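Enquirer: File my_file10.txt below, compact mmCIF, C-alpha atoms and all ligand atoms:
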```txt
# COMPACT_ATOMS: atom_id res chain seq x y z
CA MET A 1 0.00 0.00 0.00
CA LYS A 2 2.90 2.27 0.82
CA GLU A 3 4.42 1.62 -2.58
CA LYS A 4 1.13 2.35 -4.25
CA LEU A 5 0.99 5.70 -2.45
CA ILE A 6 4.58 6.57 -3.37
CA LYS A 7 3.86 5.83 -7.02
CA LEU A 8 0.73 7.89 -6.92
CA LYS A 9 2.64 10.76 -5.33
CA GLU A 10 5.25 10.70 -8.10
CA GLU A 11 2.50 10.68 -10.69
CA ILE A 12 0.80 13.67 -9.08
CA VAL A 13 4.06 15.63 -8.78
CA SER A 14 4.84 15.09 -12.43
CA LYS A 15 1.32 16.19 -13.42
CA MET A 16 1.69 19.23 -11.23
CA SER A 17 4.72 20.40 -13.18
CA GLU A 18 2.60 20.47 -16.33
CA ILE A 19 -0.16 22.67 -14.94
CA LYS A 20 -0.43 25.88 -16.91
CA ASP A 21 -3.64 27.48 -15.72
CA LEU A 22 -6.46 27.31 -13.20
CA GLY A 23 -8.36 24.86 -15.45
CA GLY A 24 -5.47 22.41 -15.32
CA LEU A 25 -5.28 22.83 -11.58
CA ARG A 26 -8.97 22.10 -11.18
CA ASP A 27 -8.71 18.90 -13.28
CA LEU A 28 -5.85 17.67 -11.17
CA GLU A 29 -7.67 18.38 -7.92
CA GLU A 30 -10.77 16.60 -9.21
CA ARG A 31 -8.84 13.57 -10.31
CA TYR A 32 -6.66 13.05 -7.25
CA PHE A 33 -7.94 15.05 -4.33
CA SER A 34 -11.73 14.99 -4.51
CA ARG A 35 -13.87 12.64 -2.42
CA LYS A 36 -13.82 10.07 -5.16
CA GLY A 37 -10.26 10.91 -6.14
CA GLU A 38 -7.42 8.42 -6.26
CA LEU A 39 -5.75 9.69 -3.11
CA ASN A 40 -8.92 9.31 -1.10
CA GLU A 41 -9.28 5.73 -2.31
CA ILE A 42 -6.00 4.92 -0.59
CA PHE A 43 -7.06 6.71 2.60
CA LYS A 44 -10.29 4.70 2.62
CA GLY A 45 -8.20 1.49 2.73
CA ILE A 46 -6.49 2.50 5.99
CA LYS A 47 -9.38 1.34 8.14
CA ASP A 48 -8.88 -2.25 7.04
CA LEU A 49 -5.25 -2.40 8.18
CA SER A 50 -4.00 -3.93 11.42
CA ASP A 51 -3.58 -1.51 14.33
CA ASP A 52 0.21 -1.30 13.95
CA LEU A 53 0.14 -0.72 10.24
CA LYS A 54 -2.74 1.69 10.60
CA LYS A 55 -0.63 3.92 12.84
CA ASP A 56 2.53 3.68 10.77
CA PHE A 57 0.98 4.04 7.35
CA GLY A 58 -1.56 6.59 8.52
CA GLN A 59 1.18 8.95 9.61
CA PHE A 60 3.08 8.50 6.36
CA ALA A 61 -0.03 9.08 4.26
CA ASN A 62 -0.85 12.24 6.13
CA VAL A 63 2.61 13.72 5.52
CA VAL A 64 2.33 12.94 1.81
CA LYS A 65 -1.08 14.54 1.63
CA GLN A 66 0.12 17.65 3.43
CA ASP A 67 3.12 18.03 1.11
CA LEU A 68 0.96 17.69 -1.93
CA SER A 69 -1.65 20.17 -0.75
CA SER A 70 0.97 22.76 0.07
CA SER A 71 2.44 22.36 -3.43
CA LEU A 72 -1.06 22.79 -4.79
CA SER A 73 -1.60 26.05 -2.98
CA ASP A 74 1.83 27.31 -4.14
CA ILE A 75 0.86 26.58 -7.72
CA ARG A 76 -2.49 28.27 -7.26
CA SER A 77 -0.98 31.46 -5.89
CA ARG A 78 1.64 31.58 -8.64
CA ILE A 79 -1.01 31.20 -11.32
CA GLU A 80 -3.20 33.81 -9.69
CA LYS A 81 -0.30 36.24 -9.58
CA GLY A 82 -0.38 36.13 -13.33
CA SER A 83 2.34 33.91 -14.73
CA SER A 84 0.82 31.51 -17.18
CA SER A 85 2.76 28.50 -16.02
CA ALA A 86 3.55 27.52 -12.47
CA ASN A 87 7.32 27.46 -12.97
CA PHE A 88 7.53 30.23 -15.49
CA VAL A 89 9.61 33.30 -14.70
CA ASP A 90 9.36 36.23 -17.08
CA PRO A 91 12.73 38.02 -17.01
CA THR A 92 11.38 40.91 -19.08
CA LEU A 93 9.00 42.04 -16.34
CA PRO A 94 10.13 45.19 -14.52
CA ALA A 95 11.99 44.32 -11.34
CA LYS A 96 10.60 45.15 -7.92
CA LYS A 97 11.48 48.73 -7.04
CA ILE A 98 14.05 49.00 -4.25
CA ALA A 99 13.44 52.06 -2.10
CA LYS A 100 16.41 54.37 -2.57
CA GLY A 101 17.34 57.38 -0.46
CA SER A 102 18.56 60.66 -1.89
CA ILE A 103 21.28 63.12 -0.99
CA HIS A 104 20.11 65.95 1.26
CA PRO A 105 19.91 69.25 -0.66
CA VAL A 106 22.35 70.95 1.74
CA THR A 107 24.84 68.13 1.16
CA GLN A 108 24.39 68.44 -2.61
CA VAL A 109 25.24 72.14 -2.67
CA LYS A 110 28.06 71.60 -0.17
CA GLN A 111 29.59 68.98 -2.47
CA GLU A 112 29.24 71.27 -5.48
CA ILE A 113 31.19 74.03 -3.71
CA GLU A 114 33.72 71.55 -2.37
CA ASP A 115 34.40 70.36 -5.94
CA LEU A 116 34.98 73.92 -7.10
CA PHE A 117 37.45 74.74 -4.33
CA TYR A 118 39.11 71.38 -4.59
CA SER A 119 39.83 72.19 -8.26
CA MET A 120 41.56 75.40 -7.12
CA GLY A 121 43.84 73.53 -4.73
CA PHE A 122 41.95 74.13 -1.47
CA MET A 123 41.84 71.48 1.25
CA VAL A 124 38.46 70.50 2.70
CA LEU A 125 38.71 70.43 6.52
CA ASP A 126 36.38 69.94 9.44
CA GLY A 127 36.47 70.71 13.13
CA PRO A 128 34.58 69.89 16.34
CA GLU A 129 30.98 71.03 16.79
CA LEU A 130 31.45 71.07 20.56
CA GLU A 131 34.06 73.83 20.69
CA SER A 132 35.90 75.73 23.39
CA ASP A 133 34.98 79.32 24.13
CA TYR A 134 38.59 80.13 23.28
CA TYR A 135 38.45 78.87 19.67
CA ASN A 136 34.90 80.01 19.03
CA PHE A 137 35.43 83.56 20.33
CA THR A 138 38.67 84.60 22.02
CA ALA A 139 41.11 83.38 19.37
CA LEU A 140 38.94 85.08 16.76
CA ASN A 141 39.43 88.43 18.44
CA PHE A 142 36.17 88.59 20.37
CA ALA A 143 37.30 90.22 23.64
CA PRO A 144 35.86 88.45 26.74
CA HIS A 145 33.10 90.94 27.43
CA HIS A 146 32.85 92.55 24.02
CA PRO A 147 29.28 93.06 22.83
CA ALA A 148 30.19 91.38 19.51
CA ARG A 149 29.67 88.08 21.33
CA GLU A 150 26.03 88.96 21.47
CA MET A 151 25.82 88.89 17.66
CA GLN A 152 25.76 85.14 18.11
CA ASP A 153 23.27 83.71 20.56
CA THR A 154 25.24 80.87 22.05
CA PHE A 155 24.46 77.47 23.58
CA PHE A 156 26.85 77.28 26.53
CA VAL A 157 27.61 73.73 27.66
CA ASP A 158 27.70 73.04 31.35
CA ILE A 159 30.80 70.85 31.59
CA LYS A 160 33.82 72.07 33.57
CA ASN A 161 37.41 71.82 32.35
CA ASP A 162 40.47 70.93 34.49
CA GLU A 163 40.61 74.46 35.90
CA GLY A 164 36.98 74.24 36.98
CA GLN A 165 35.68 76.58 34.29
CA ALA A 166 32.78 75.79 32.00
CA ASP A 167 34.32 76.85 28.70
CA LEU A 168 32.56 74.70 26.12
CA VAL A 169 30.04 75.97 23.60
CA MET A 170 28.23 74.50 20.63
CA ARG A 171 30.11 76.31 17.89
CA THR A 172 28.17 79.29 16.60
CA HIS A 173 30.05 79.43 13.30
CA THR A 174 32.71 77.55 11.34
CA SER A 175 35.30 80.30 11.86
CA PRO A 176 37.05 78.52 14.80
CA VAL A 177 38.26 75.92 12.29
CA GLN A 178 40.37 78.73 10.77
CA ILE A 179 42.48 78.81 13.93
CA ARG A 180 42.73 75.02 14.11
CA ALA A 181 43.80 74.90 10.44
CA MET A 182 46.46 77.61 10.90
CA LYS A 183 47.88 75.84 13.95
CA LYS A 184 47.97 72.51 12.18
CA TYR A 185 49.20 73.48 8.71
CA GLY A 186 50.85 76.92 9.12
CA ALA A 187 51.24 79.21 6.12
CA PRO A 188 50.75 79.24 3.18
CA LEU A 189 47.31 77.72 3.48
CA LYS A 190 44.21 77.26 1.32
CA ALA A 191 41.23 75.52 2.88
CA ILE A 192 37.45 75.46 3.10
CA MET A 193 35.66 74.20 6.18
CA PRO A 194 32.01 73.28 5.80
CA GLY A 195 30.02 72.19 8.81
CA ARG A 196 27.13 72.31 11.20
CA CYS A 197 26.67 75.23 13.60
CA TYR A 198 24.30 76.02 16.45
CA ARG A 199 22.63 79.11 17.84
CA ASN A 200 20.09 79.65 20.53
CA GLU A 201 17.51 81.06 18.11
CA ALA A 202 13.80 81.40 18.51
CA THR A 203 13.12 79.41 15.36
CA ASP A 204 10.99 80.65 12.49
CA ALA A 205 10.98 80.27 8.71
CA ARG A 206 14.35 82.05 8.46
CA HIS A 207 16.06 80.98 11.70
CA GLU A 208 17.00 77.55 12.93
CA HIS A 209 19.03 76.46 15.97
CA THR A 210 21.02 74.02 13.83
CA PHE A 211 22.32 75.15 10.45
CA TYR A 212 25.25 74.93 8.06
CA GLN A 213 28.06 77.27 7.11
CA LEU A 214 30.97 77.00 4.74
CA GLU A 215 34.11 78.82 5.79
CA GLY A 216 37.04 79.66 3.50
CA LEU A 217 40.59 80.70 4.29
CA MET A 218 43.57 81.58 2.12
CA ILE A 219 46.87 82.70 3.60
CA GLY A 220 50.11 83.45 1.82
CA GLU A 221 52.62 86.19 1.11
CA ASP A 222 50.95 89.18 -0.58
CA ILE A 223 47.39 87.86 -0.49
CA SER A 224 45.17 90.89 -1.05
CA PHE A 225 41.54 91.94 -1.14
CA ALA A 226 41.70 91.47 -4.93
CA HIS A 227 42.26 87.73 -4.45
CA LEU A 228 39.27 87.57 -2.13
CA LYS A 229 37.09 89.34 -4.65
CA GLY A 230 38.30 87.16 -7.51
CA VAL A 231 37.55 83.92 -5.66
CA LEU A 232 34.10 85.06 -4.50
CA GLU A 233 33.16 86.22 -8.01
CA MET A 234 34.04 82.80 -9.31
CA VAL A 235 31.89 81.07 -6.69
CA GLY A 236 28.95 83.33 -7.61
CA LYS A 237 29.26 82.48 -11.30
CA LYS A 238 29.48 78.78 -10.53
CA LEU A 239 26.41 78.89 -8.30
CA TYR A 240 24.15 81.25 -10.21
CA GLY A 241 25.51 81.48 -13.76
CA PRO A 242 28.08 83.51 -15.76
CA ASN A 243 26.32 86.89 -15.53
CA THR A 244 26.33 86.93 -11.74
CA LYS A 245 27.96 89.99 -10.18
CA LEU A 246 29.36 90.44 -6.68
CA ARG A 247 28.71 93.46 -4.49
CA MET A 248 30.72 94.05 -1.31
CA ARG A 249 29.85 96.51 1.41
CA PRO A 250 31.76 97.15 4.66
CA LYS A 251 30.59 95.15 7.65
CA TYR A 252 32.03 94.54 11.08
CA TYR A 253 33.32 91.14 12.13
CA PRO A 254 35.95 91.06 14.89
CA PHE A 255 38.17 88.55 13.07
CA VAL A 256 38.65 90.50 9.82
CA GLU A 257 39.91 93.96 8.96
CA PRO A 258 38.56 95.30 6.68
CA GLY A 259 35.37 93.26 6.88
CA SER A 260 32.66 93.08 4.28
CA ASN A 261 29.44 91.38 3.38
CA GLY A 262 29.00 89.71 0.01
CA GLU A 263 25.93 89.92 -2.19
CA TYR A 264 25.28 88.27 -5.53
CA THR A 265 22.98 89.44 -8.32
CA CYS A 266 19.57 87.93 -7.64
CA PHE A 267 19.38 84.95 -9.95
CA LEU A 268 15.60 85.03 -10.06
CA CYS A 269 15.14 88.54 -11.44
CA GLN A 270 18.70 89.02 -12.80
CA GLY A 271 19.08 92.09 -10.60
CA LYS A 272 15.84 93.81 -11.61
CA GLY A 273 14.25 93.41 -8.19
CA CYS A 274 11.73 90.83 -6.99
CA ARG A 275 10.13 89.40 -3.87
CA VAL A 276 13.04 87.04 -3.15
CA CYS A 277 15.67 89.83 -3.14
CA LYS A 278 13.23 92.22 -1.47
CA TYR A 279 13.34 94.41 -4.60
CA THR A 280 17.04 95.23 -4.16
CA GLY A 281 18.36 93.04 -7.00
CA TRP A 282 20.95 91.55 -4.61
CA LEU A 283 21.09 88.51 -2.34
CA GLU A 284 23.26 88.70 0.75
CA ILE A 285 24.84 85.32 1.45
CA LEU A 286 28.24 85.73 2.97
CA GLY A 287 30.59 87.59 5.27
CA CYS A 288 34.26 88.06 4.45
CA GLY A 289 37.36 90.16 4.88
CA MET A 290 41.13 90.24 5.36
CA VAL A 291 42.16 88.10 8.31
CA HIS A 292 42.87 90.31 11.34
CA PRO A 293 46.56 90.30 12.41
CA ASP A 294 45.53 89.20 15.93
CA VAL A 295 43.76 86.19 14.45
CA LEU A 296 46.84 85.23 12.41
CA ARG A 297 48.83 85.48 15.65
CA SER A 298 46.32 83.23 17.48
CA GLY A 299 46.94 80.69 14.73
CA GLY A 300 50.71 80.98 15.15
CA ILE A 301 51.26 82.85 11.87
CA ASP A 302 53.41 85.99 11.58
CA PRO A 303 51.24 88.87 10.30
CA GLU A 304 54.36 90.78 9.22
CA LYS A 305 55.16 88.06 6.74
CA TYR A 306 51.76 86.68 5.74
CA SER A 307 48.34 88.04 4.97
CA GLY A 308 45.12 86.29 4.09
CA PHE A 309 41.42 86.46 3.44
CA ALA A 310 38.50 84.58 4.94
CA PHE A 311 34.84 84.19 4.12
CA GLY A 312 31.81 82.42 5.51
CA PHE A 313 28.73 81.33 3.54
CA GLY A 314 25.38 80.52 5.05
CA LEU A 315 24.96 77.17 3.29
CA ASP A 316 21.28 76.70 4.16
CA ARG A 317 20.51 80.10 2.73
CA LEU A 318 22.29 79.26 -0.52
CA VAL A 319 20.21 76.10 -0.82
CA MET A 320 16.96 77.89 0.03
CA LEU A 321 17.61 80.38 -2.72
CA LYS A 322 18.69 77.78 -5.23
CA TYR A 323 15.57 75.63 -4.80
CA ASN A 324 13.12 78.33 -3.76
CA ILE A 325 12.57 76.79 -0.31
CA ASP A 326 10.63 79.12 1.96
CA ASP A 327 11.15 77.55 5.38
CA THR A 328 14.59 76.69 6.76
CA ARG A 329 13.08 74.35 9.36
CA LEU A 330 12.33 71.83 6.59
CA PHE A 331 16.01 70.90 6.37
CA ASN A 332 16.08 69.23 9.78
CA SER A 333 12.49 68.03 9.77
CA GLY A 334 13.24 64.58 8.38
CA ASP A 335 10.01 64.96 6.40
CA LEU A 336 10.21 62.54 3.46
CA ARG A 337 7.68 64.52 1.44
CA PHE A 338 10.25 67.32 1.42
CA LEU A 339 13.41 65.23 1.06
CA LYS A 340 12.08 63.07 -1.77
CA GLN A 341 11.98 66.11 -4.06
CA PHE A 342 15.78 66.22 -4.32
N1 LIG A 401 31.49 83.73 11.14
C1 LIG A 401 30.61 84.73 10.59
C2 LIG A 401 29.19 84.50 11.08
O1 LIG A 401 28.86 83.40 11.40
C3 LIG A 401 30.65 84.72 9.08
C4 LIG A 401 31.96 85.22 8.56
C5 LIG A 401 32.14 86.54 8.33
C6 LIG A 401 33.01 84.34 8.33
C7 LIG A 401 33.32 87.06 7.86
C8 LIG A 401 34.24 84.83 7.86
C9 LIG A 401 34.37 86.19 7.63
O2 LIG A 401 35.29 84.04 7.62
O3 LIG A 401 35.56 86.66 7.16
O4 LIG A 401 28.43 85.40 11.14
```
Can the structure in the file be given as structure tokens, please?
Expert:
Amino acid sequence: MKEKLIKLKEEIVSKMSEIKDLGGLRDLEERYFSRKGELNEIFKGIKDLSDDLKKDFGQFANVVKQDLSSSLSDIRSRIEKGSSSANFVDPTLPAKKIAKGSIHPVTQVKQEIEDLFYSMGFMVLDGPELESDYYNFTALNFAPHHPAREMQDTFFVDIKNDEGQADLVMRTHTSPVQIRAMKKYGAPLKAIMPGRCYRNEATDARHEHTFYQLEGLMIGEDISFAHLKGVLEMVGKKLYGPNTKLRMRPKYYPFVEPGSNGEYTCFLCQGKGCRVCKYTGWLEILGCGMVHPDVLRSGGIDPEKYSGFAFGFGLDRLVMLKYNIDDTRLFNSGDLRFLKQF
């Protein structure tokens, strides 16, 4: 009886491999699995066996039946999914889509600017986001109680150093990396330093407590304001096209002298005036100037021998302008509806 069942099983398996559609499946079920089907005939015989055989064979027959029915349901689901034959794989069907992330818009623009500076021989450096008060302010010529410190609303960190002073801050700008770079590499030096910064802002569409800057520094013998202007003009043209102009107007920053802001022709209205540039024709996106002699000294560089320029871009602002994004808080929101657009 066992042999008979094994033979029948082989027969059914081979028939199964020929099934092409639901009709074929139904015929097979009818022939072997229905009440009058061949498999049931064998099951009906079990009751006439001796007790021992009944147990042994009964178990075996049940396993066979289970295997066969699970193959049947596999075949059924494959047919129902649409392939015409149970074993048929159509390699021309489009593959399953694999969910793919995308590069954050701030990172994209950062990489674009990095490529440009890299091609001009600048290093790309980074520095700590948890910074000492000394690097963030003092070494950059902010006197201890000078009101210029108030230009940057700072997160002070309540951890004491060896002398018992709490002197750590979340860096408020990327400028402290200038000092670290000077100390590490000396002069001459060409580097940009992109990175994340923090300020204790009441957040709104234009202010965020966590944001990005891109700092630049070039130091050498006879580096002049003309070099600064030349480099910034090139960045403007790269970002906003060949007709972009640069406008510079004096502005105070403790670590540069003279200090200036930097504005580019509004790329939306080509300088005619529109809502984005507040009808001025210009977009202010950076601060810059000639590195203050005290700052060169903090970095261990002799201001009698070397001079240099520095600049700092608000990276988020660049990106907002480039893609017409009206709320800076979207960058850190983690909202996929926003991020998927880039
Ligand atoms: N650190 C300045 C800020 O966050 C931006 C800046 C201005 C950087 C002038 C510079 C510079 O390197 O020369 O407001």
Enquirer: Given the choices A:Asp51, A:Glu10, A:Glu257, A:Asp27, which gets closest to ligand LIG 401 (chain A) if the distance is worked out from only C-alpha atoms and all ligand atoms?
Expert: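 The closest residue to ligand LIG 401 (chain A) is A:Glu257.
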Enquirer: Check the smallest atom-to-atom distance from each of A:Gly334, A:Gly287, A:Pro144, A:Gly127 to ligand LIG 401 (chain A) using all atoms listed in the file, then report the winner.
Expert: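 Residue with the minimum atom-to-atom distance to ligand LIG 401 (chain A): A:Gly287.
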Enquirer: What residues have any atom no more than 7 Å from ligand LIG 401 (chain A) when counting only C-alpha atoms and all ligand atoms, and can you list them as a PDB file with C-alpha atoms, in the frame of the given file?
Expert:
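Once everything was written out, this is selection-v4.pdb:
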```pdb
ATOM      1  CA  THR A 172      28.170  79.290  16.600  1.00  0.00           C
ATOM      2  CA  HIS A 173      30.050  79.430  13.300  1.00  0.00           C
ATOM      3  CA  THR A 174      32.710  77.550  11.340  1.00  0.00           C
ATOM      4  CA  SER A 175      35.300  80.300  11.860  1.00  0.00           C
ATOM      5  CA  GLU A 215      34.110  78.820   5.790  1.00  0.00           C
ATOM      6  CA  GLY A 216      37.040  79.660   3.500  1.00  0.00           C
ATOM      7  CA  TYR A 253      33.320  91.140  12.130  1.00  0.00           C
ATOM      8  CA  PHE A 255      38.170  88.550  13.070  1.00  0.00           C
ATOM      9  CA  VAL A 256      38.650  90.500   9.820  1.00  0.00           C
ATOM     10  CA  GLY A 259      35.370  93.260   6.880  1.00  0.00           C
ATOM     11  CA  LEU A 286      28.240  85.730   2.970  1.00  0.00           C
ATOM     12  CA  GLY A 287      30.590  87.590   5.270  1.00  0.00           C
ATOM     13  CA  CYS A 288      34.260  88.060   4.450  1.00  0.00           C
ATOM     14  CA  GLY A 289      37.360  90.160   4.880  1.00  0.00           C
ATOM     15  CA  MET A 290      41.130  90.240   5.360  1.00  0.00           C
ATOM     16  CA  VAL A 291      42.160  88.100   8.310  1.00  0.00           C
ATOM     17  CA  PHE A 309      41.420  86.460   3.440  1.00  0.00           C
ATOM     18  CA  ALA A 310      38.500  84.580   4.940  1.00  0.00           C
ATOM     19  CA  PHE A 311      34.840  84.190   4.120  1.00  0.00           C
ATOM     20  CA  GLY A 312      31.810  82.420   5.510  1.00  0.00           C
ATOM     21  CA  PHE A 313      28.730  81.330   3.540  1.00  0.00           C
TER      22      PHE A 313
END
```
Enquirer: From the set A:Leu28, A:Ile301, A:Cys266, A:Ile75, which residue has the shortest atom-to-atom contact distance to A:Glu284, counting only C-alpha atoms?
Expert: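 Answer, going by the shortest atom-to-atom distance: A:Cys266.
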Enquirer: For atom CA of A:Thr154 and atom CA of A:Ser298, determine how far apart the two atoms are, in Å to one decimal place.
Expert: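 Interatomic distance, atom CA of A:Thr154 to atom CA of A:Ser298: 21.7 Å.
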Enquirer: Please provide as a PyMOL selection string all residues within 10 Å of A:Phe88, with the sequence filter that same-chain residues fewer than 6 positions apart are discarded (counting all atoms listed in the file).
Expert: chain A and resi 20+78-79
Enquirer: With all atoms listed in the file as the basis for distance, which of A:Pro293, A:Gly121, A:Pro176, A:Pro147 is at the shortest distance from A:Gly195?
Expert: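 Distance minimum relative to A:Gly195 lands on A:Pro176.
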Enquirer: Of the residues A:Glu112, A:Asp52, A:Glu29, A:Glu38, which is the one nearest to A:Leu8, using all atoms listed in the file?
Expert: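 Of the candidates, the smallest distance to A:Leu8 is held by A:Glu38.
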Enquirer: For A:Thr210, which residue among A:Tyr134, A:Phe43, A:Tyr198, A:Phe122 is the nearest when counting all atoms listed in the file?
Expert: A:Tyr198
Enquirer: Report, in Å to a single decimal, how far apart atom CA of A:His292 and atom CA of A:Ala143 are.
Expert: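 These atoms are spaced 13.5 Å apart.
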Enquirer: Quick one, how far is atom CA of A:Ile285 from atom CA of A:Glu233?
Expert: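 Those two atoms sit 12.6 Å apart.
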Enquirer: Give me the residues within 10 Å of A:Leu315 as a JSON list (two decimals) with C-alpha atoms, in the frame of the given file, counting all atoms listed in the file and dropping any in the same chain fewer than 6 places off.
Expert:
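File produced: part.json:
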```json
[["chain", "number", "residue", "atom", "x", "y", "z"],
["A", 106, "VAL", "CA", 22.35, 70.95, 1.74],
["A", 107, "THR", "CA", 24.84, 68.13, 1.16],
["A", 109, "VAL", "CA", 25.24, 72.14, -2.67],
["A", 110, "LYS", "CA", 28.06, 71.60, -0.17],
["A", 113, "ILE", "CA", 31.19, 74.03, -3.71],
["A", 194, "PRO", "CA", 32.01, 73.28, 5.80],
["A", 195, "GLY", "CA", 30.02, 72.19, 8.81],
["A", 196, "ARG", "CA", 27.13, 72.31, 11.20],
["A", 211, "PHE", "CA", 22.32, 75.15, 10.45],
["A", 212, "TYR", "CA", 25.25, 74.93, 8.06],
["A", 213, "GLN", "CA", 28.06, 77.27, 7.11],
["A", 214, "LEU", "CA", 30.97, 77.00, 4.74],
["A", 215, "GLU", "CA", 34.11, 78.82, 5.79],
["A", 285, "ILE", "CA", 24.84, 85.32, 1.45],
["A", 286, "LEU", "CA", 28.24, 85.73, 2.97]]
```
Enquirer: Just want the 9 Å neighbourhood of A:Leu5, counted on all atoms listed in the file, with same-chain residues fewer than 2 positions away dropped. Output as a JSON list (two decimals) with C-alpha atoms, keeping the file's coordinate frame.
Expert:
```
[["chain", "number", "residue", "atom", "x", "y", "z"],
["A", 1, "MET", "CA", 0.00, 0.00, 0.00],
["A", 2, "LYS", "CA", 2.90, 2.27, 0.82],
["A", 3, "GLU", "CA", 4.42, 1.62, -2.58],
["A", 7, "LYS", "CA", 3.86, 5.83, -7.02],
["A", 8, "LEU", "CA", 0.73, 7.89, -6.92],
["A", 9, "LYS", "CA", 2.64, 10.76, -5.33],
["A", 10, "GLU", "CA", 5.25, 10.70, -8.10],
["A", 39, "LEU", "CA", -5.75, 9.69, -3.11],
["A", 42, "ILE", "CA", -6.00, 4.92, -0.59],
["A", 61, "ALA", "CA", -0.03, 9.08, 4.26],
["A", 64, "VAL", "CA", 2.33, 12.94, 1.81]]
```
Enquirer: List as JSON, numbers by chain the residues having at least one atom at most 12 Å from position (0.1, 22.6, -6.7) as given in the file, counting only C-alpha atoms.
Expert: {"A": [12, 13, 14, 15, 16, 17, 18, 19, 20, 21, 22, 24, 25, 26, 27, 28, 29, 32, 33, 65, 66, 67, 68, 69, 70, 71, 72, 73, 74, 75, 76, 77, 78, 79, 85, 86, 87]}
Enquirer: Can I get stretch 155-168 of chain A with N, CA and C atoms filled in, as a PDB file, in the frame of the given file?
Expert:
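rebuild_18.pdb written:
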```
ATOM      1  N   PHE A 155      24.770  78.552  22.639  1.00  0.00           N
ATOM      2  CA  PHE A 155      24.460  77.470  23.580  1.00  0.00           C
ATOM      3  C   PHE A 155      25.715  77.198  24.395  1.00  0.00           C
ATOM      4  N   PHE A 156      25.708  77.572  25.671  1.00  0.00           N
ATOM      5  CA  PHE A 156      26.850  77.280  26.530  1.00  0.00           C
ATOM      6  C   PHE A 156      26.654  75.883  27.118  1.00  0.00           C
ATOM      7  N   VAL A 157      27.735  75.120  27.204  1.00  0.00           N
ATOM      8  CA  VAL A 157      27.610  73.730  27.660  1.00  0.00           C
ATOM      9  C   VAL A 157      28.178  73.623  29.065  1.00  0.00           C
ATOM     10  N   ASP A 158      27.385  73.020  29.937  1.00  0.00           N
ATOM     11  CA  ASP A 158      27.700  73.040  31.350  1.00  0.00           C
ATOM     12  C   ASP A 158      28.613  71.881  31.757  1.00  0.00           C
ATOM     13  N   ILE A 159      29.813  71.867  31.185  1.00  0.00           N
ATOM     14  CA  ILE A 159      30.800  70.850  31.590  1.00  0.00           C
ATOM     15  C   ILE A 159      32.070  71.608  31.968  1.00  0.00           C
ATOM     16  N   LYS A 160      32.654  71.289  33.099  1.00  0.00           N
ATOM     17  CA  LYS A 160      33.820  72.070  33.570  1.00  0.00           C
ATOM     18  C   LYS A 160      35.119  71.457  33.050  1.00  0.00           C
ATOM     19  N   ASN A 161      36.096  72.317  32.758  1.00  0.00           N
ATOM     20  CA  ASN A 161      37.410  71.820  32.350  1.00  0.00           C
ATOM     21  C   ASN A 161      38.283  71.581  33.589  1.00  0.00           C
ATOM     22  N   ASP A 162      39.584  71.263  33.361  1.00  0.00           N
ATOM     23  CA  ASP A 162      40.470  70.930  34.490  1.00  0.00           C
ATOM     24  C   ASP A 162      40.604  72.075  35.483  1.00  0.00           C
ATOM     25  N   GLU A 163      40.495  73.305  34.989  1.00  0.00           N
ATOM     26  CA  GLU A 163      40.610  74.460  35.900  1.00  0.00           C
ATOM     27  C   GLU A 163      39.273  74.823  36.541  1.00  0.00           C
ATOM     28  N   GLY A 164      38.273  73.983  36.346  1.00  0.00           N
ATOM     29  CA  GLY A 164      36.980  74.240  36.980  1.00  0.00           C
ATOM     30  C   GLY A 164      36.122  75.259  36.269  1.00  0.00           C
ATOM     31  N   GLN A 165      36.510  75.623  35.034  1.00  0.00           N
ATOM     32  CA  GLN A 165      35.680  76.580  34.290  1.00  0.00           C
ATOM     33  C   GLN A 165      34.836  75.844  33.255  1.00  0.00           C
ATOM     34  N   ALA A 166      33.617  76.342  33.076  1.00  0.00           N
ATOM     35  CA  ALA A 166      32.780  75.790  32.000  1.00  0.00           C
ATOM     36  C   ALA A 166      33.123  76.596  30.754  1.00  0.00           C
ATOM     37  N   ASP A 167      33.906  76.030  29.851  1.00  0.00           N
ATOM     38  CA  ASP A 167      34.320  76.850  28.700  1.00  0.00           C
ATOM     39  C   ASP A 167      33.949  76.219  27.363  1.00  0.00           C
ATOM     40  N   LEU A 168      32.953  75.317  27.396  1.00  0.00           N
ATOM     41  CA  LEU A 168      32.560  74.700  26.120  1.00  0.00           C
ATOM     42  C   LEU A 168      31.287  75.328  25.578  1.00  0.00           C
TER      43      LEU A 168
END
```
